[in-house]
Amino acid sequence: MKTPARVRSLSLECTCVGTGIRTLEKYMKDMTRADKMKINRLVREHLPDLAYDLMLTERPLKDLYWFNPYNYYKTKRHLILVQSSIEYFIRYN
């Protein structure tokens with residue numbers, strides 16, 4: 001499953017903080033790794049407030065000597081952005 005190239009809209013559905021384990025298991029079922037750069041671009045385009053909060057709008061992270069060691073994932077309904085050990089479940093259309 002490829003990271004979707006055409007996305008009409010994104011919405012932050014929930015994070016792993018305060019979400020029950022059954023819900024997380026349901027959202028993470030059949031997840032595969034995704035392209036970080038493409039997901040960062042989609043979030044900057046469709047969810048600018050979230051991108052600002054997660055510092056995705058800053059200069060390229062390589063210039064800041066900062067590296068996000070976490071992988072991003074995708075399912076048929078969600079993009080899963082991982083930042084500071086918190087999973088952000090973003091529904092896409």
# chains A, B, ... in the order shown; residues from 1 in each chain; ligands from 1

call {"tool": "residues_around", "arguments": {"residues": "Gln83 (chain A)", "least_positions_apart": "4", "cutoff": "8 Å", "atoms": "only C-alpha atoms", "output": "ChimeraX atom specification"}}
result
/A:54,68,70,87-88

call {"tool": "residues_around", "arguments": {"residues": "Arg41 (chain A)", "least_positions_apart": "3", "cutoff": "12 Å", "atoms": "only C-alpha atoms", "output": "CSV table (one decimal) with C-alpha atoms, in the first residue's frame"}}
result
chain,number,residue,atom,x,y,z
A,3,THR,CA,1.3,6.6,0.8
A,4,PRO,CA,-1.7,8.3,-0.9
A,5,ALA,CA,-0.5,10.8,-3.5
A,6,ARG,CA,-3.9,12.7,-3.9
A,7,VAL,CA,-5.4,13.7,-0.6
A,10,LEU,CA,-6.9,15.5,6.4
A,35,ASP,CA,7.1,8.1,3.6
A,36,LYS,CA,7.9,10.7,6.2
A,37,MET,CA,8.6,13.5,3.8
A,38,LYS,CA,5.3,13.0,1.9
A,44,ARG,CA,1.7,21.2,6.3
A,45,GLU,CA,-0.7,21.6,3.5
A,46,HIS,CA,-3.9,20.4,5.1
A,47,LEU,CA,-3.4,20.9,8.9
A,48,PRO,CA,-1.1,23.9,9.3
A,50,LEU,CA,-0.8,20.8,13.7
A,51,ALA,CA,2.3,21.2,11.5
A,56,LEU,CA,7.1,20.7,10.7
A,57,THR,CA,7.1,24.2,9.4
A,60,PRO,CA,14.7,21.6,7.2
A,81,LEU,CA,2.5,10.4,12.4

call {"tool": "residues_around", "arguments": {"residues": "Glu25 (chain A)", "least_positions_apart": "4", "cutoff": "12 Å", "atoms": "only C-alpha atoms", "output": "VMD selection string"}}
result
chain A and resid 16 19 to 21 29 to 31 75 89

call {"tool": "residues_around", "arguments": {"residues": "Ile80 (chain A)", "least_positions_apart": "6", "cutoff": "10 Å", "atoms": "only C-alpha atoms", "output": "list in words"}}
result
Leu12, Thr15, Tyr27, Met28, Met31, Thr32, Arg33, Ala34, Ile39, Asn71, Tyr72, Tyr73, Lys74, Ile86, Glu87, Tyr88, Phe89, Ile90 and Arg91 of chain A

call {"tool": "write_last_selection", "arguments": {"atoms": "N, CA and C atoms", "output": "mmCIF file, in the first residue's frame"}}
result
data_model
loop_
_atom_site.group_PDB
_atom_site.id
_atom_site.type_symbol
_atom_site.label_atom_id
_atom_site.label_comp_id
_atom_site.auth_asym_id
_atom_site.auth_seq_id
_atom_site.Cartn_x
_atom_site.Cartn_y
_atom_site.Cartn_z
ATOM 1 N N LEU A 12 -7.333 15.392 12.065
ATOM 2 C CA LEU A 12 -6.737 14.706 13.208
ATOM 3 C C LEU A 12 -7.853 14.018 13.965
ATOM 4 N N THR A 15 -5.056 11.011 19.227
ATOM 5 C CA THR A 15 -3.672 10.636 19.496
ATOM 6 C C THR A 15 -3.704 9.418 20.412
ATOM 7 N N TYR A 27 -7.036 0.963 15.071
ATOM 8 C CA TYR A 27 -6.434 1.925 14.152
ATOM 9 C C TYR A 27 -5.120 1.417 13.574
ATOM 10 N N MET A 28 -4.380 0.603 14.337
ATOM 11 C CA MET A 28 -3.060 0.162 13.890
ATOM 12 C C MET A 28 -3.088 -1.153 13.115
ATOM 13 N N MET A 31 -1.094 -1.912 9.520
ATOM 14 C CA MET A 31 -0.305 -0.728 9.193
ATOM 15 C C MET A 31 1.015 -1.133 8.553
ATOM 16 N N THR A 32 1.487 -0.267 7.670
ATOM 17 C CA THR A 32 2.772 -0.443 7.012
ATOM 18 C C THR A 32 3.536 0.878 7.099
ATOM 19 N N ARG A 33 4.824 0.832 6.852
ATOM 20 C CA ARG A 33 5.634 2.056 6.926
ATOM 21 C C ARG A 33 5.262 3.013 5.812
ATOM 22 N N ALA A 34 5.403 4.301 6.109
ATOM 23 C CA ALA A 34 5.046 5.339 5.148
ATOM 24 C C ALA A 34 6.214 6.291 4.939
ATOM 25 N N ILE A 39 4.237 12.599 4.102
ATOM 26 C CA ILE A 39 3.249 12.850 5.155
ATOM 27 C C ILE A 39 3.464 14.229 5.768
ATOM 28 N N ASN A 71 9.419 6.060 12.956
ATOM 29 C CA ASN A 71 8.860 5.820 11.630
ATOM 30 C C ASN A 71 7.415 6.288 11.587
ATOM 31 N N TYR A 72 6.947 6.634 10.400
ATOM 32 C CA TYR A 72 5.548 6.967 10.164
ATOM 33 C C TYR A 72 4.893 5.734 9.544
ATOM 34 N N TYR A 73 3.593 5.630 9.710
ATOM 35 C CA TYR A 73 2.865 4.469 9.204
ATOM 36 C C TYR A 73 1.606 4.909 8.497
ATOM 37 N N LYS A 74 0.997 3.959 7.773
ATOM 38 C CA LYS A 74 -0.253 4.238 7.085
ATOM 39 C C LYS A 74 -1.127 2.991 7.129
ATOM 40 N N ILE A 86 4.513 9.899 20.543
ATOM 41 C CA ILE A 86 3.059 10.055 20.506
ATOM 42 C C ILE A 86 2.599 9.808 19.078
ATOM 43 N N GLU A 87 1.633 8.905 18.924
ATOM 44 C CA GLU A 87 1.080 8.625 17.612
ATOM 45 C C GLU A 87 -0.102 9.555 17.354
ATOM 46 N N TYR A 88 -0.081 10.219 16.210
ATOM 47 C CA TYR A 88 -1.171 11.088 15.770
ATOM 48 C C TYR A 88 -1.891 10.355 14.649
ATOM 49 N N PHE A 89 -3.162 10.024 14.869
ATOM 50 C CA PHE A 89 -3.947 9.296 13.874
ATOM 51 C C PHE A 89 -4.712 10.309 13.030
ATOM 52 N N ILE A 90 -4.301 10.416 11.787
ATOM 53 C CA ILE A 90 -4.845 11.425 10.886
ATOM 54 C C ILE A 90 -5.641 10.701 9.795
ATOM 55 N N ARG A 91 -6.935 10.979 9.748
ATOM 56 C CA ARG A 91 -7.792 10.358 8.736
ATOM 57 C C ARG A 91 -7.681 11.159 7.451
#

call {"tool": "select_by_dssp", "arguments": {"residues": "chain A", "states": "strand (DSSP E or B)", "output": "VMD selection string"}}
result
chain A and resid 10 to 15 32 to 34 72 to 74 78 to 83 86 to 92

call {"tool": "write_last_selection", "arguments": {"atoms": "N, CA and C atoms", "output": "CSV table (one decimal), in the first residue's frame"}}
result
chain,number,residue,atom,x,y,z
A,10,LEU,N,-7.5,16.2,5.3
A,10,LEU,CA,-6.9,15.5,6.4
A,10,LEU,C,-7.7,16.0,7.7
A,11,SER,N,-7.8,15.1,8.6
A,11,SER,CA,-8.4,15.5,9.9
A,11,SER,C,-7.7,14.7,11.0
A,12,LEU,N,-7.3,15.4,12.1
A,12,LEU,CA,-6.7,14.7,13.2
A,12,LEU,C,-7.9,14.0,14.0
A,13,GLU,N,-7.8,12.7,14.0
A,13,GLU,CA,-8.9,11.9,14.6
A,13,GLU,C,-8.6,11.8,16.1
A,14,CYS,N,-7.4,11.4,16.5
A,14,CYS,CA,-7.0,11.3,17.9
A,14,CYS,C,-5.5,11.1,18.0
A,15,THR,N,-5.1,11.0,19.2
A,15,THR,CA,-3.7,10.6,19.5
A,15,THR,C,-3.7,9.4,20.4
A,32,THR,N,1.5,-0.3,7.7
A,32,THR,CA,2.8,-0.4,7.0
A,32,THR,C,3.5,0.9,7.1
A,33,ARG,N,4.8,0.8,6.9
A,33,ARG,CA,5.6,2.1,6.9
A,33,ARG,C,5.3,3.0,5.8
A,34,ALA,N,5.4,4.3,6.1
A,34,ALA,CA,5.0,5.3,5.1
A,34,ALA,C,6.2,6.3,4.9
A,72,TYR,N,6.9,6.6,10.4
A,72,TYR,CA,5.5,7.0,10.2
A,72,TYR,C,4.9,5.7,9.5
A,73,TYR,N,3.6,5.6,9.7
A,73,TYR,CA,2.9,4.5,9.2
A,73,TYR,C,1.6,4.9,8.5
A,74,LYS,N,1.0,4.0,7.8
A,74,LYS,CA,-0.3,4.2,7.1
A,74,LYS,C,-1.1,3.0,7.1
A,78,HIS,N,-6.0,5.8,7.7
A,78,HIS,CA,-5.2,6.7,8.6
A,78,HIS,C,-3.8,6.8,8.1
A,79,LEU,N,-3.2,8.0,8.3
A,79,LEU,CA,-1.8,8.2,8.3
A,79,LEU,C,-1.4,8.3,9.8
A,80,ILE,N,-0.4,7.7,10.2
A,80,ILE,CA,0.0,7.7,11.6
A,80,ILE,C,1.4,8.4,11.7
A,81,LEU,N,1.3,9.6,12.2
A,81,LEU,CA,2.5,10.4,12.4
A,81,LEU,C,3.0,10.2,13.8
A,82,VAL,N,4.3,9.9,14.0
A,82,VAL,CA,4.8,9.6,15.3
A,82,VAL,C,5.8,10.7,15.6
A,83,GLN,N,5.6,11.4,16.7
A,83,GLN,CA,6.5,12.5,17.1
A,83,GLN,C,6.6,12.4,18.6
A,86,ILE,N,4.5,9.9,20.5
A,86,ILE,CA,3.1,10.1,20.5
A,86,ILE,C,2.6,9.8,19.1
A,87,GLU,N,1.6,8.9,18.9
A,87,GLU,CA,1.1,8.6,17.6
A,87,GLU,C,-0.1,9.6,17.4
A,88,TYR,N,-0.1,10.2,16.2
A,88,TYR,CA,-1.2,11.1,15.8
A,88,TYR,C,-1.9,10.4,14.6
A,89,PHE,N,-3.2,10.0,14.9
A,89,PHE,CA,-3.9,9.3,13.9
A,89,PHE,C,-4.7,10.3,13.0
A,90,ILE,N,-4.3,10.4,11.8
A,90,ILE,CA,-4.8,11.4,10.9
A,90,ILE,C,-5.6,10.7,9.8
A,91,ARG,N,-6.9,11.0,9.7
A,91,ARG,CA,-7.8,10.4,8.7
A,91,ARG,C,-7.7,11.2,7.5
A,92,TYR,N,-7.6,10.4,6.3
A,92,TYR,CA,-7.5,11.1,5.0
A,92,TYR,C,-8.6,10.7,4.1

call {"tool": "decode", "arguments": {"residues": "region 3-34 of chain A", "atoms": "N, CA and C atoms", "output": "PDB file, in the first residue's frame"}}
result
ATOM      1  N   THR A   3       1.773   5.381   0.130  1.00  0.00           N
ATOM      2  CA  THR A   3       1.274   6.597   0.766  1.00  0.00           C
ATOM      3  C   THR A   3       0.434   7.323  -0.269  1.00  0.00           C
ATOM      4  N   PRO A   4      -0.778   7.743   0.084  1.00  0.00           N
ATOM      5  CA  PRO A   4      -1.653   8.333  -0.930  1.00  0.00           C
ATOM      6  C   PRO A   4      -1.052   9.594  -1.527  1.00  0.00           C
ATOM      7  N   ALA A   5      -1.088   9.687  -2.853  1.00  0.00           N
ATOM      8  CA  ALA A   5      -0.534  10.849  -3.539  1.00  0.00           C
ATOM      9  C   ALA A   5      -1.553  11.980  -3.596  1.00  0.00           C
ATOM     10  N   ARG A   6      -2.803  11.643  -3.810  1.00  0.00           N
ATOM     11  CA  ARG A   6      -3.861  12.658  -3.879  1.00  0.00           C
ATOM     12  C   ARG A   6      -4.720  12.563  -2.632  1.00  0.00           C
ATOM     13  N   VAL A   7      -4.666  13.598  -1.870  1.00  0.00           N
ATOM     14  CA  VAL A   7      -5.444  13.659  -0.636  1.00  0.00           C
ATOM     15  C   VAL A   7      -6.301  14.913  -0.709  1.00  0.00           C
ATOM     16  N   ARG A   8      -7.605  14.764  -0.543  1.00  0.00           N
ATOM     17  CA  ARG A   8      -8.500  15.917  -0.588  1.00  0.00           C
ATOM     18  C   ARG A   8      -8.560  16.630   0.746  1.00  0.00           C
ATOM     19  N   SER A   9      -8.500  15.864   1.837  1.00  0.00           N
ATOM     20  CA  SER A   9      -8.553  16.487   3.158  1.00  0.00           C
ATOM     21  C   SER A   9      -7.934  15.565   4.197  1.00  0.00           C
ATOM     22  N   LEU A  10      -7.469  16.182   5.276  1.00  0.00           N
ATOM     23  CA  LEU A  10      -6.942  15.462   6.433  1.00  0.00           C
ATOM     24  C   LEU A  10      -7.658  15.983   7.667  1.00  0.00           C
ATOM     25  N   SER A  11      -7.849  15.101   8.627  1.00  0.00           N
ATOM     26  CA  SER A  11      -8.390  15.536   9.914  1.00  0.00           C
ATOM     27  C   SER A  11      -7.742  14.708  11.013  1.00  0.00           C
ATOM     28  N   LEU A  12      -7.333  15.392  12.065  1.00  0.00           N
ATOM     29  CA  LEU A  12      -6.737  14.706  13.208  1.00  0.00           C
ATOM     30  C   LEU A  12      -7.853  14.018  13.965  1.00  0.00           C
ATOM     31  N   GLU A  13      -7.842  12.693  13.971  1.00  0.00           N
ATOM     32  CA  GLU A  13      -8.900  11.944  14.639  1.00  0.00           C
ATOM     33  C   GLU A  13      -8.621  11.786  16.123  1.00  0.00           C
ATOM     34  N   CYS A  14      -7.395  11.421  16.479  1.00  0.00           N
ATOM     35  CA  CYS A  14      -7.040  11.287  17.890  1.00  0.00           C
ATOM     36  C   CYS A  14      -5.535  11.072  18.001  1.00  0.00           C
ATOM     37  N   THR A  15      -5.056  11.011  19.227  1.00  0.00           N
ATOM     38  CA  THR A  15      -3.672  10.636  19.496  1.00  0.00           C
ATOM     39  C   THR A  15      -3.704   9.418  20.412  1.00  0.00           C
ATOM     40  N   CYS A  16      -2.562   8.848  20.650  1.00  0.00           N
ATOM     41  CA  CYS A  16      -2.507   7.680  21.524  1.00  0.00           C
ATOM     42  C   CYS A  16      -2.709   8.056  22.990  1.00  0.00           C
ATOM     43  N   VAL A  17      -2.563   9.338  23.301  1.00  0.00           N
ATOM     44  CA  VAL A  17      -2.725   9.813  24.673  1.00  0.00           C
ATOM     45  C   VAL A  17      -4.214   9.849  25.007  1.00  0.00           C
ATOM     46  N   GLY A  18      -4.614   9.107  26.010  1.00  0.00           N
ATOM     47  CA  GLY A  18      -6.003   9.113  26.442  1.00  0.00           C
ATOM     48  C   GLY A  18      -6.930   8.267  25.589  1.00  0.00           C
ATOM     49  N   THR A  19      -6.387   7.508  24.660  1.00  0.00           N
ATOM     50  CA  THR A  19      -7.196   6.633  23.816  1.00  0.00           C
ATOM     51  C   THR A  19      -7.034   5.204  24.315  1.00  0.00           C
ATOM     52  N   GLY A  20      -8.109   4.471  24.348  1.00  0.00           N
ATOM     53  CA  GLY A  20      -8.070   3.096  24.847  1.00  0.00           C
ATOM     54  C   GLY A  20      -7.267   2.165  23.963  1.00  0.00           C
ATOM     55  N   ILE A  21      -6.781   1.098  24.548  1.00  0.00           N
ATOM     56  CA  ILE A  21      -5.930   0.141  23.830  1.00  0.00           C
ATOM     57  C   ILE A  21      -6.690  -0.541  22.694  1.00  0.00           C
ATOM     58  N   ARG A  22      -7.966  -0.801  22.877  1.00  0.00           N
ATOM     59  CA  ARG A  22      -8.743  -1.446  21.806  1.00  0.00           C
ATOM     60  C   ARG A  22      -8.873  -0.535  20.594  1.00  0.00           C
ATOM     61  N   THR A  23      -9.064   0.743  20.841  1.00  0.00           N
ATOM     62  CA  THR A  23      -9.145   1.707  19.742  1.00  0.00           C
ATOM     63  C   THR A  23      -7.815   1.787  19.015  1.00  0.00           C
ATOM     64  N   LEU A  24      -6.728   1.833  19.767  1.00  0.00           N
ATOM     65  CA  LEU A  24      -5.405   1.881  19.147  1.00  0.00           C
ATOM     66  C   LEU A  24      -5.134   0.639  18.314  1.00  0.00           C
ATOM     67  N   GLU A  25      -5.479  -0.521  18.821  1.00  0.00           N
ATOM     68  CA  GLU A  25      -5.279  -1.762  18.074  1.00  0.00           C
ATOM     69  C   GLU A  25      -6.096  -1.752  16.781  1.00  0.00           C
ATOM     70  N   LYS A  26      -7.310  -1.216  16.856  1.00  0.00           N
ATOM     71  CA  LYS A  26      -8.158  -1.126  15.665  1.00  0.00           C
ATOM     72  C   LYS A  26      -7.532  -0.188  14.630  1.00  0.00           C
ATOM     73  N   TYR A  27      -7.036   0.963  15.071  1.00  0.00           N
ATOM     74  CA  TYR A  27      -6.434   1.925  14.152  1.00  0.00           C
ATOM     75  C   TYR A  27      -5.120   1.417  13.574  1.00  0.00           C
ATOM     76  N   MET A  28      -4.380   0.603  14.337  1.00  0.00           N
ATOM     77  CA  MET A  28      -3.060   0.162  13.890  1.00  0.00           C
ATOM     78  C   MET A  28      -3.088  -1.153  13.115  1.00  0.00           C
ATOM     79  N   LYS A  29      -4.253  -1.726  12.975  1.00  0.00           N
ATOM     80  CA  LYS A  29      -4.360  -3.006  12.270  1.00  0.00           C
ATOM     81  C   LYS A  29      -3.931  -2.825  10.810  1.00  0.00           C
ATOM     82  N   ASP A  30      -3.105  -3.726  10.331  1.00  0.00           N
ATOM     83  CA  ASP A  30      -2.613  -3.750   8.947  1.00  0.00           C
ATOM     84  C   ASP A  30      -1.806  -2.510   8.576  1.00  0.00           C
ATOM     85  N   MET A  31      -1.094  -1.912   9.520  1.00  0.00           N
ATOM     86  CA  MET A  31      -0.305  -0.728   9.193  1.00  0.00           C
ATOM     87  C   MET A  31       1.015  -1.133   8.553  1.00  0.00           C
ATOM     88  N   THR A  32       1.487  -0.267   7.670  1.00  0.00           N
ATOM     89  CA  THR A  32       2.772  -0.443   7.012  1.00  0.00           C
ATOM     90  C   THR A  32       3.536   0.878   7.099  1.00  0.00           C
ATOM     91  N   ARG A  33       4.824   0.832   6.852  1.00  0.00           N
ATOM     92  CA  ARG A  33       5.634   2.056   6.926  1.00  0.00           C
ATOM     93  C   ARG A  33       5.262   3.013   5.812  1.00  0.00           C
ATOM     94  N   ALA A  34       5.403   4.301   6.109  1.00  0.00           N
ATOM     95  CA  ALA A  34       5.046   5.339   5.148  1.00  0.00           C
ATOM     96  C   ALA A  34       6.214   6.291   4.939  1.00  0.00           C
TER      97      ALA A  34
END
